[in-house]
>>> print(open('target.cif').read())   # mmCIF, C-alpha atoms
data_start
loop_
_atom_site.label_atom_id
_atom_site.label_comp_id
_atom_site.auth_asym_id
_atom_site.auth_seq_id
_atom_site.Cartn_x
_atom_site.Cartn_y
_atom_site.Cartn_z
CA MET O 1 -18.00 -26.73 15.60
CA ALA O 2 -15.24 -29.24 15.00
CA GLY O 3 -14.35 -27.48 11.76
CA ARG O 4 -14.02 -24.18 13.57
CA GLU O 5 -11.83 -25.78 16.22
CA ARG O 6 -9.53 -27.30 13.63
CA ARG O 7 -9.30 -23.95 11.87
CA SER O 8 -8.60 -22.08 15.12
CA MET O 9 -5.63 -24.35 15.77
CA MET O 10 -3.94 -23.57 12.45
CA THR O 11 -0.25 -22.91 12.96
CA GLY O 12 2.04 -20.51 11.15
CA ALA O 13 3.43 -23.40 9.10
CA GLN O 14 -0.08 -24.37 7.94
CA ALA O 15 -1.10 -20.85 6.90
CA ALA O 16 -0.58 -19.56 3.36
CA HIS O 17 2.76 -17.80 2.87
CA CYS O 18 4.24 -15.16 0.60
CA GLY O 19 7.92 -15.64 1.23
CA SER O 20 8.02 -15.86 5.03
CA VAL O 21 4.97 -13.59 5.42
CA SER O 22 1.66 -15.10 6.53
CA ALA O 23 -1.44 -13.94 8.36
CA ILE O 24 0.17 -15.25 11.53
CA SER O 25 3.44 -13.34 11.03
CA LEU O 26 1.41 -10.20 10.28
CA GLY O 27 -0.18 -10.49 13.71
CA LEU O 28 -3.67 -11.17 12.32
CA PRO O 29 -6.12 -13.48 14.10
CA VAL O 30 -5.69 -17.16 13.25
CA SER O 31 -9.40 -17.18 12.34
CA THR O 32 -8.64 -14.97 9.32
CA ALA O 33 -5.70 -17.04 8.00
CA ILE O 34 -6.02 -18.85 4.68
CA PRO O 35 -4.69 -22.46 4.67
CA GLU O 36 -1.54 -23.04 2.62
CA ALA O 37 -3.37 -25.38 0.23
CA LYS O 38 -5.92 -22.69 -0.69
CA GLY O 39 -3.69 -19.62 -0.82
CA THR O 40 -2.23 -19.67 -4.34
CA LEU O 41 -3.98 -17.36 -6.84
CA PRO O 42 -3.03 -18.02 -10.48
CA LYS O 43 -2.06 -14.89 -12.41
CA ALA O 44 -4.50 -15.90 -15.15
CA LEU O 45 -7.33 -15.38 -12.67
CA PHE O 46 -6.91 -11.62 -13.02
CA VAL O 47 -6.12 -11.39 -16.72
CA GLY O 48 -9.29 -12.79 -18.27
CA LYS O 49 -11.78 -10.50 -16.53
CA ALA O 50 -10.75 -7.23 -18.18
CA PRO O 51 -8.71 -6.19 -21.22
CA ILE O 52 -5.16 -5.32 -20.20
CA SER O 53 -2.20 -3.95 -22.09
CA GLY O 54 0.70 -6.04 -23.32
CA LYS O 55 2.95 -4.01 -21.04
CA LEU O 56 0.91 -4.96 -17.97
CA LYS O 57 0.91 -8.62 -19.00
CA GLN O 58 4.70 -8.43 -19.20
CA ARG O 59 4.85 -6.91 -15.73
CA LEU O 60 2.75 -9.78 -14.38
CA VAL O 61 5.07 -12.31 -16.00
CA ASN O 62 8.41 -10.64 -15.29
CA GLU O 63 7.91 -8.84 -11.96
CA ILE O 64 5.43 -11.01 -10.04
CA GLU O 65 6.71 -14.39 -8.91
CA SER O 66 3.50 -15.41 -7.14
CA ILE O 67 0.16 -14.11 -5.83
CA THR O 68 -1.10 -15.53 -2.54
CA MET O 69 -4.26 -14.98 -0.52
CA LEU O 70 -2.99 -14.67 3.04
CA ALA O 71 -6.06 -13.64 5.02
CA LEU O 72 -9.76 -12.91 4.75
CA ALA O 73 -11.46 -10.75 7.40
CA ARG O 74 -15.24 -10.79 7.63
CA SER O 75 -17.69 -10.09 10.41
CA ALA O 76 -18.11 -13.87 10.89
CA ASN O 77 -14.45 -14.50 11.73
CA THR O 78 -13.46 -11.24 13.41
CA GLY O 79 -16.37 -10.40 15.68
CA LEU O 80 -16.71 -7.00 13.95
CA ALA O 81 -20.06 -5.71 12.73
CA ASP O 82 -20.85 -5.80 9.02
CA GLY O 83 -19.74 -2.80 7.01
CA LYS O 84 -22.08 -0.69 4.88
CA LEU O 85 -19.50 -0.08 2.15
CA ILE O 86 -16.93 -2.87 2.43
CA PRO O 87 -18.14 -6.49 2.69
CA GLU O 88 -14.76 -7.97 3.63
CA VAL O 89 -11.05 -7.22 3.72
CA LEU O 90 -8.54 -9.43 1.94
CA VAL O 91 -4.80 -9.55 2.53
CA ILE O 92 -2.94 -10.60 -0.63
CA GLY O 93 0.78 -11.25 -0.86
CA LEU O 94 2.73 -10.32 -4.00
CA LYS O 95 6.15 -12.00 -4.18
CA LEU O 96 8.29 -9.84 -6.44
CA THR O 97 11.04 -11.11 -8.72
CA ALA O 98 14.51 -9.64 -8.96
CA LYS O 99 13.34 -7.76 -12.08
CA ALA O 100 10.79 -5.72 -10.13
CA THR O 101 11.92 -2.13 -9.58
CA GLY O 102 9.44 -1.12 -6.89
CA ILE O 103 5.79 -1.35 -5.88
CA PRO O 104 3.85 -2.90 -8.83
CA ASN O 105 1.16 -0.21 -8.86
CA GLU O 106 -0.42 -1.30 -12.15
CA VAL O 107 -0.75 -4.90 -10.99
CA ILE O 108 -2.29 -3.79 -7.70
CA ASP O 109 -4.72 -1.55 -9.57
CA LEU O 110 -5.70 -4.44 -11.85
CA ILE O 111 -6.38 -6.88 -9.00
CA ALA O 112 -8.08 -4.46 -6.61
CA GLY O 113 -10.28 -3.01 -9.34
CA GLN O 114 -11.97 -6.39 -9.85
CA ARG O 115 -13.45 -6.70 -6.34
CA LYS O 116 -15.60 -4.60 -4.04
CA SER O 117 -13.61 -5.91 -1.10
CA GLY O 118 -10.96 -3.86 0.59
CA ILE O 119 -7.57 -5.38 -0.21
CA VAL O 120 -4.29 -4.85 1.60
CA PHE O 121 -1.37 -5.96 -0.55
CA VAL O 122 1.83 -7.16 1.06
CA CYS O 123 4.65 -6.78 -1.46
CA VAL O 124 7.58 -9.04 -0.57
CA ARG O 125 11.08 -8.89 -2.07
CA ASP O 126 14.62 -10.09 -1.38
CA VAL O 127 17.31 -7.39 -1.44
CA PRO O 128 21.08 -7.26 -0.86
CA PHE O 129 21.92 -6.44 2.74
CA GLU O 130 25.31 -6.37 4.46
CA GLY O 131 26.92 -8.87 2.11
CA SER O 132 23.91 -11.17 2.07
CA THR O 133 20.19 -10.74 1.36
CA ARG O 134 17.20 -9.96 3.49
CA GLU O 135 13.47 -10.15 2.94
CA GLU O 136 11.53 -6.88 2.98
CA CYS O 137 7.86 -6.08 2.72
CA ALA O 138 5.75 -3.03 1.98
CA PHE O 139 2.01 -2.62 2.39
CA ALA O 140 -0.13 -1.10 -0.37
CA VAL O 141 -3.82 -0.29 -0.87
CA ARG O 142 -5.95 1.02 -3.73
CA ARG O 143 -8.19 3.76 -2.41
CA ALA O 144 -10.30 6.58 -3.81
CA ILE O 145 -8.39 9.85 -3.84
CA PRO O 146 -10.00 12.13 -1.23
CA GLY O 147 -12.21 14.67 -2.98
CA ARG O 148 -15.56 16.38 -2.94
CA ALA O 149 -18.62 14.25 -2.31
CA GLY O 150 -20.74 13.46 -5.35
CA HIS O 151 -17.89 13.31 -7.84
CA THR O 152 -16.94 10.11 -9.63
CA PRO O 153 -14.19 8.56 -7.50
CA ILE O 154 -10.68 8.38 -8.89
CA TYR O 155 -8.57 5.60 -7.43
CA GLN O 156 -4.89 5.60 -6.57
CA VAL O 157 -2.46 3.04 -5.21
CA TYR O 158 -0.87 4.17 -1.95
CA ALA O 159 2.12 2.32 -0.52
CA GLY O 160 4.12 2.49 2.68
CA ASP O 161 7.89 2.28 3.02
CA TRP O 162 9.86 -0.92 2.60
CA GLN O 163 10.68 -2.51 5.94
CA PRO O 164 12.14 -5.81 7.14
CA ALA O 165 9.70 -8.72 6.82
CA GLY O 166 8.05 -9.19 10.18
CA ALA O 167 6.09 -5.94 10.05
CA GLN O 168 2.58 -6.35 11.40
CA LEU O 169 -0.94 -5.09 10.84
CA GLU O 170 -3.53 -4.33 13.51
CA LEU O 171 -7.21 -5.24 13.28
CA ALA O 172 -8.84 -2.09 14.68
CA GLY O 173 -12.36 -0.69 14.59
CA SER O 174 -15.84 -1.98 15.41
CA THR O 175 -17.08 -2.61 11.84
CA ILE O 176 -15.54 -3.97 8.63
CA ASP O 177 -15.71 -0.45 7.18
CA GLU O 178 -13.71 0.91 10.13
CA LEU O 179 -11.26 -1.98 9.83
CA TRP O 180 -10.63 -1.09 6.18
CA ALA O 181 -10.16 2.58 7.04
CA SER O 182 -7.72 1.63 9.80
CA LEU O 183 -5.71 -0.64 7.50
CA CYS O 184 -5.55 2.17 4.92
CA SER O 185 -4.30 4.50 7.65
CA GLN O 186 -1.72 1.95 8.78
CA THR O 187 -0.49 1.51 5.20
CA ILE O 188 -0.38 5.17 4.19
CA LEU O 189 0.25 6.98 7.48
CA GLY O 190 1.69 4.32 9.78
CA THR O 191 -1.04 4.62 12.42
CA PRO O 192 -4.35 2.76 12.99
CA GLU O 193 -6.24 5.99 13.76
CA VAL O 194 -9.17 6.63 11.38
CA GLU O 195 -10.36 10.06 12.52
CA ASN O 196 -10.17 12.68 9.73
CA LEU O 197 -8.51 10.07 7.50
CA ASP O 198 -9.13 11.81 4.17
CA ALA O 199 -7.79 15.13 5.46
CA ARG O 200 -4.71 13.40 6.86
CA ILE O 201 -4.08 11.60 3.56
CA ILE O 202 -4.35 14.91 1.67
CA ARG O 203 -1.84 16.49 4.08
CA HIS O 204 0.50 13.51 3.82
CA THR O 205 0.36 13.60 0.00
CA GLU O 206 1.03 17.34 -0.11
CA ILE O 207 3.98 17.02 2.27
CA ALA O 208 5.48 14.31 0.04
CA ARG O 209 4.97 16.51 -3.03
CA LEU O 210 6.59 19.52 -1.39
CA GLU O 211 9.53 17.44 -0.12
CA SER O 212 10.15 16.26 -3.67
CA GLU O 213 9.87 19.82 -4.99
CA VAL O 214 12.29 21.18 -2.36
CA ASP O 215 14.77 18.43 -3.22
CA LYS O 216 14.58 19.22 -6.94
CA LEU O 217 14.80 22.99 -6.47
CA THR O 218 17.77 22.60 -4.13
CA ARG O 219 19.64 20.60 -6.76
CA ASP O 220 18.64 23.07 -9.50
CA HIS O 221 19.87 26.00 -7.41
CA GLN O 222 23.23 24.33 -6.88
CA ARG O 223 23.60 23.52 -10.57
CA VAL O 224 22.49 26.76 -12.26
CA LYS O 225 25.16 29.46 -12.69
CA ASN O 226 23.11 32.31 -14.16
CA PRO O 227 22.40 34.82 -11.32
CA ALA O 228 18.89 35.68 -12.54
CA GLN O 229 17.92 32.02 -12.81
CA ARG O 230 19.45 31.26 -9.41
CA ASN O 231 17.41 34.07 -7.83
CA GLU O 232 14.21 32.81 -9.48
CA ILE O 233 14.85 29.25 -8.29
CA TYR O 234 15.74 30.49 -4.80
CA ALA O 235 12.42 32.33 -4.55
CA LYS O 236 10.51 29.16 -5.50
CA LEU O 237 12.60 27.15 -3.06
CA HIS O 238 11.96 29.61 -0.23
CA LYS O 239 8.20 29.48 -0.92
CA ALA O 240 8.13 25.66 -1.03
CA LYS O 241 10.11 25.39 2.22
CA ALA O 242 7.72 27.81 3.93
CA GLN O 243 4.68 25.82 2.75
CA LEU O 244 6.31 22.58 3.91
CA ALA O 245 7.13 23.98 7.34
CA LYS O 246 3.56 25.22 7.76
CA LEU O 247 2.11 21.81 6.87
CA ARG O 248 4.47 19.99 9.20
CA GLU O 249 3.44 22.26 12.08
CA ALA O 250 -0.28 21.73 11.44
#
>>> encode(input="target.cif", output="structure tokens")
Amino acid sequence: MAGRERRSMMTGAQAAHCGSVSAISLGLPVSTAIPEAKGTLPKALFVGKAPISGKLKQRLVNEIESITMLALARSANTGLADGKLIPEVLVIGLKLTAKATGIPNEVIDLIAGQRKSGIVFVCVRDVPFEGSTREECAFAVRRAIPGRAGHTPIYQVYAGDWQPAGAQLELAGSTIDELWASLCSQTILGTPEVENLDARIIRHTEIARLESEVDKLTRDHQRVKNPAQRNEIYAKLHKAKAQLAKLREA
């Protein structure tokens, strides 16, 4: 009991940090926070378990400054019921170096692929801002691409937008499985709702694809001078815009 009381009184300064981000700053229960002394995860921990390419090793060295376990959510410390698919949810911070160009998808895939746990990654970076620098974070998860039941799952890393450090996560749901689904929804869609999650992810992905296609076709149409080619591109652009409008209205 005394151990639980000491743990429940952990402060933000005592919790493990990735930059300024901790379980406490993320709005997670103190009971899930990892102590600072136990948070550091050596990069070598993830290299020896599976063969990885030289390129990925270089990314680990050059783009990842540190890996930190920030939080661990289980039924025992959240009050949620056990999940049938997901035993626990980890929150891991990835502090990026100045050499990193974006979300380190390959590194996330490597780490998440080694555990059955659900893992929310908090990528943290420092960027120029109004003559100085500011700390930003982006959430990312590795999740099976929605598809037909019975097929071998194919996994993909999904990431949210970069936002000022201080962004928070919400522990929602009644089971660990529902918590994981909610955290995936928060990361990918910006909402804790879990209803029809796969269908919403498919719609979100298709909207992003169509937005990219419309952007490319618009630039192509402006650049091309040949009338026949311009007409062909315009037809494709018109079709893509119509599909995008229909999806947005759904």
>>> resolve_selection(input="target.cif", expression="the PyMOL selection byres ((chain O and resi 81) around 9)", output="list in words")
Arg74, Ser75, Ala76, Thr78, Gly79, Leu80, Asp82, Gly83, Ser174, Thr175, Ile176 and Asp177 of chain O
>>> closest_residue(input="target.cif", among="O:Ile103, O:Ile154, O:Ile111, O:Cys18", to="O:Lys43", atoms="only C-alpha atoms")
O:Ile111
>>> resolve_selection(input="target.cif", expression="the PyMOL selection byres ((chain O and resi 206) around 12)", output="JSON, numbers by chain")
{"O": [199, 200, 201, 202, 203, 204, 205, 207, 208, 209, 210, 211, 212, 213, 240, 243, 244, 245, 246, 247, 248]}
>>> residues_around(input="target.cif", residues="O:Gly19", least_positions_apart="5", cutoff="9 Å", atoms="all atoms listed in the file", output="mmCIF file with C-alpha atoms, in the frame of the given file")
data_model
loop_
_atom_site.group_PDB
_atom_site.id
_atom_site.type_symbol
_atom_site.label_atom_id
_atom_site.label_comp_id
_atom_site.auth_asym_id
_atom_site.auth_seq_id
_atom_site.Cartn_x
_atom_site.Cartn_y
_atom_site.Cartn_z
ATOM 1 C CA GLY O 93 0.780 -11.250 -0.860
ATOM 2 C CA LYS O 95 6.150 -12.000 -4.180
ATOM 3 C CA VAL O 124 7.580 -9.040 -0.570
ATOM 4 C CA ARG O 125 11.080 -8.890 -2.070
ATOM 5 C CA GLU O 135 13.470 -10.150 2.940
#
>>> resolve_selection(input="target.cif", expression="the PyMOL selection byres ((chain O and resi 157) around 10)", output="list in words")
Ile103, Pro104, Asn105, Glu106, Val107, Ile108, Asp109, Ala112, Ala140, Val141, Arg142, Arg143, Ala144, Ile145, Tyr155, Gln156, Tyr158, Ala159 and Ile188 of chain O
>>> residues_near_point(input="target.cif", point="(5.0, -7.3, -15.4)", cutoff="10 Å", atoms="all atoms listed in the file", output="PDB file with C-alpha atoms, in the coordinates of the input")
ATOM      1  CA  GLY O  54       0.700  -6.040 -23.320  1.00  0.00           C
ATOM      2  CA  LYS O  55       2.950  -4.010 -21.040  1.00  0.00           C
ATOM      3  CA  LEU O  56       0.910  -4.960 -17.970  1.00  0.00           C
ATOM      4  CA  LYS O  57       0.910  -8.620 -19.000  1.00  0.00           C
ATOM      5  CA  GLN O  58       4.700  -8.430 -19.200  1.00  0.00           C
ATOM      6  CA  ARG O  59       4.850  -6.910 -15.730  1.00  0.00           C
ATOM      7  CA  LEU O  60       2.750  -9.780 -14.380  1.00  0.00           C
ATOM      8  CA  VAL O  61       5.070 -12.310 -16.000  1.00  0.00           C
ATOM      9  CA  ASN O  62       8.410 -10.640 -15.290  1.00  0.00           C
ATOM     10  CA  GLU O  63       7.910  -8.840 -11.960  1.00  0.00           C
ATOM     11  CA  ILE O  64       5.430 -11.010 -10.040  1.00  0.00           C
ATOM     12  CA  GLU O  65       6.710 -14.390  -8.910  1.00  0.00           C
ATOM     13  CA  LEU O  96       8.290  -9.840  -6.440  1.00  0.00           C
ATOM     14  CA  THR O  97      11.040 -11.110  -8.720  1.00  0.00           C
ATOM     15  CA  LYS O  99      13.340  -7.760 -12.080  1.00  0.00           C
ATOM     16  CA  ALA O 100      10.790  -5.720 -10.130  1.00  0.00           C
ATOM     17  CA  PRO O 104       3.850  -2.900  -8.830  1.00  0.00           C
ATOM     18  CA  GLU O 106      -0.420  -1.300 -12.150  1.00  0.00           C
ATOM     19  CA  VAL O 107      -0.750  -4.900 -10.990  1.00  0.00           C
TER      20      VAL O 107
END
>>> closest_residue(input="target.cif", among="O:Ile67, O:Ala23, O:Ile52, O:Val47", to="O:Gln168", atoms="only C-alpha atoms")
O:Ala23
>>> residues_around(input="target.cif", residues="O:Ile86", least_positions_apart="2", cutoff="8 Å", atoms="only C-alpha atoms", output="compact mmCIF listing (two decimals) with C-alpha atoms, in the frame of the given file")
# COMPACT_ATOMS: atom_id res chain seq x y z
CA GLY O 83 -19.74 -2.80 7.01
CA LYS O 84 -22.08 -0.69 4.88
CA GLU O 88 -14.76 -7.97 3.63
CA VAL O 89 -11.05 -7.22 3.72
CA LYS O 116 -15.60 -4.60 -4.04
CA SER O 117 -13.61 -5.91 -1.10
CA GLY O 118 -10.96 -3.86 0.59
CA ILE O 176 -15.54 -3.97 8.63
CA ASP O 177 -15.71 -0.45 7.18
CA TRP O 180 -10.63 -1.09 6.18
>>> atom_distance(input="target.cif", atom1="atom CA of O:Phe139", atom2="atom CA of O:Asn77")
22.3 Å
>>> closest_residue(input="target.cif", among="O:Phe46, O:Met69, O:Gly131, O:Ala165", to="O:Gly113", atoms="all atoms listed in the file")
O:Phe46
>>> closest_residue(input="target.cif", among="O:Leu72, O:Leu110, O:Ile92, O:Ala172", to="O:Thr191", atoms="all atoms listed in the file")
O:Ala172
>>> axis_aligned_box(input="target.cif", around="stretch 199-218 of chain O", padding_each_side="6 Å", output="JSON")
{"center_x": 5.0, "center_y": 17.3, "center_z": 0.0, "size_x": 37.6, "size_y": 23.4, "size_z": 25.8}
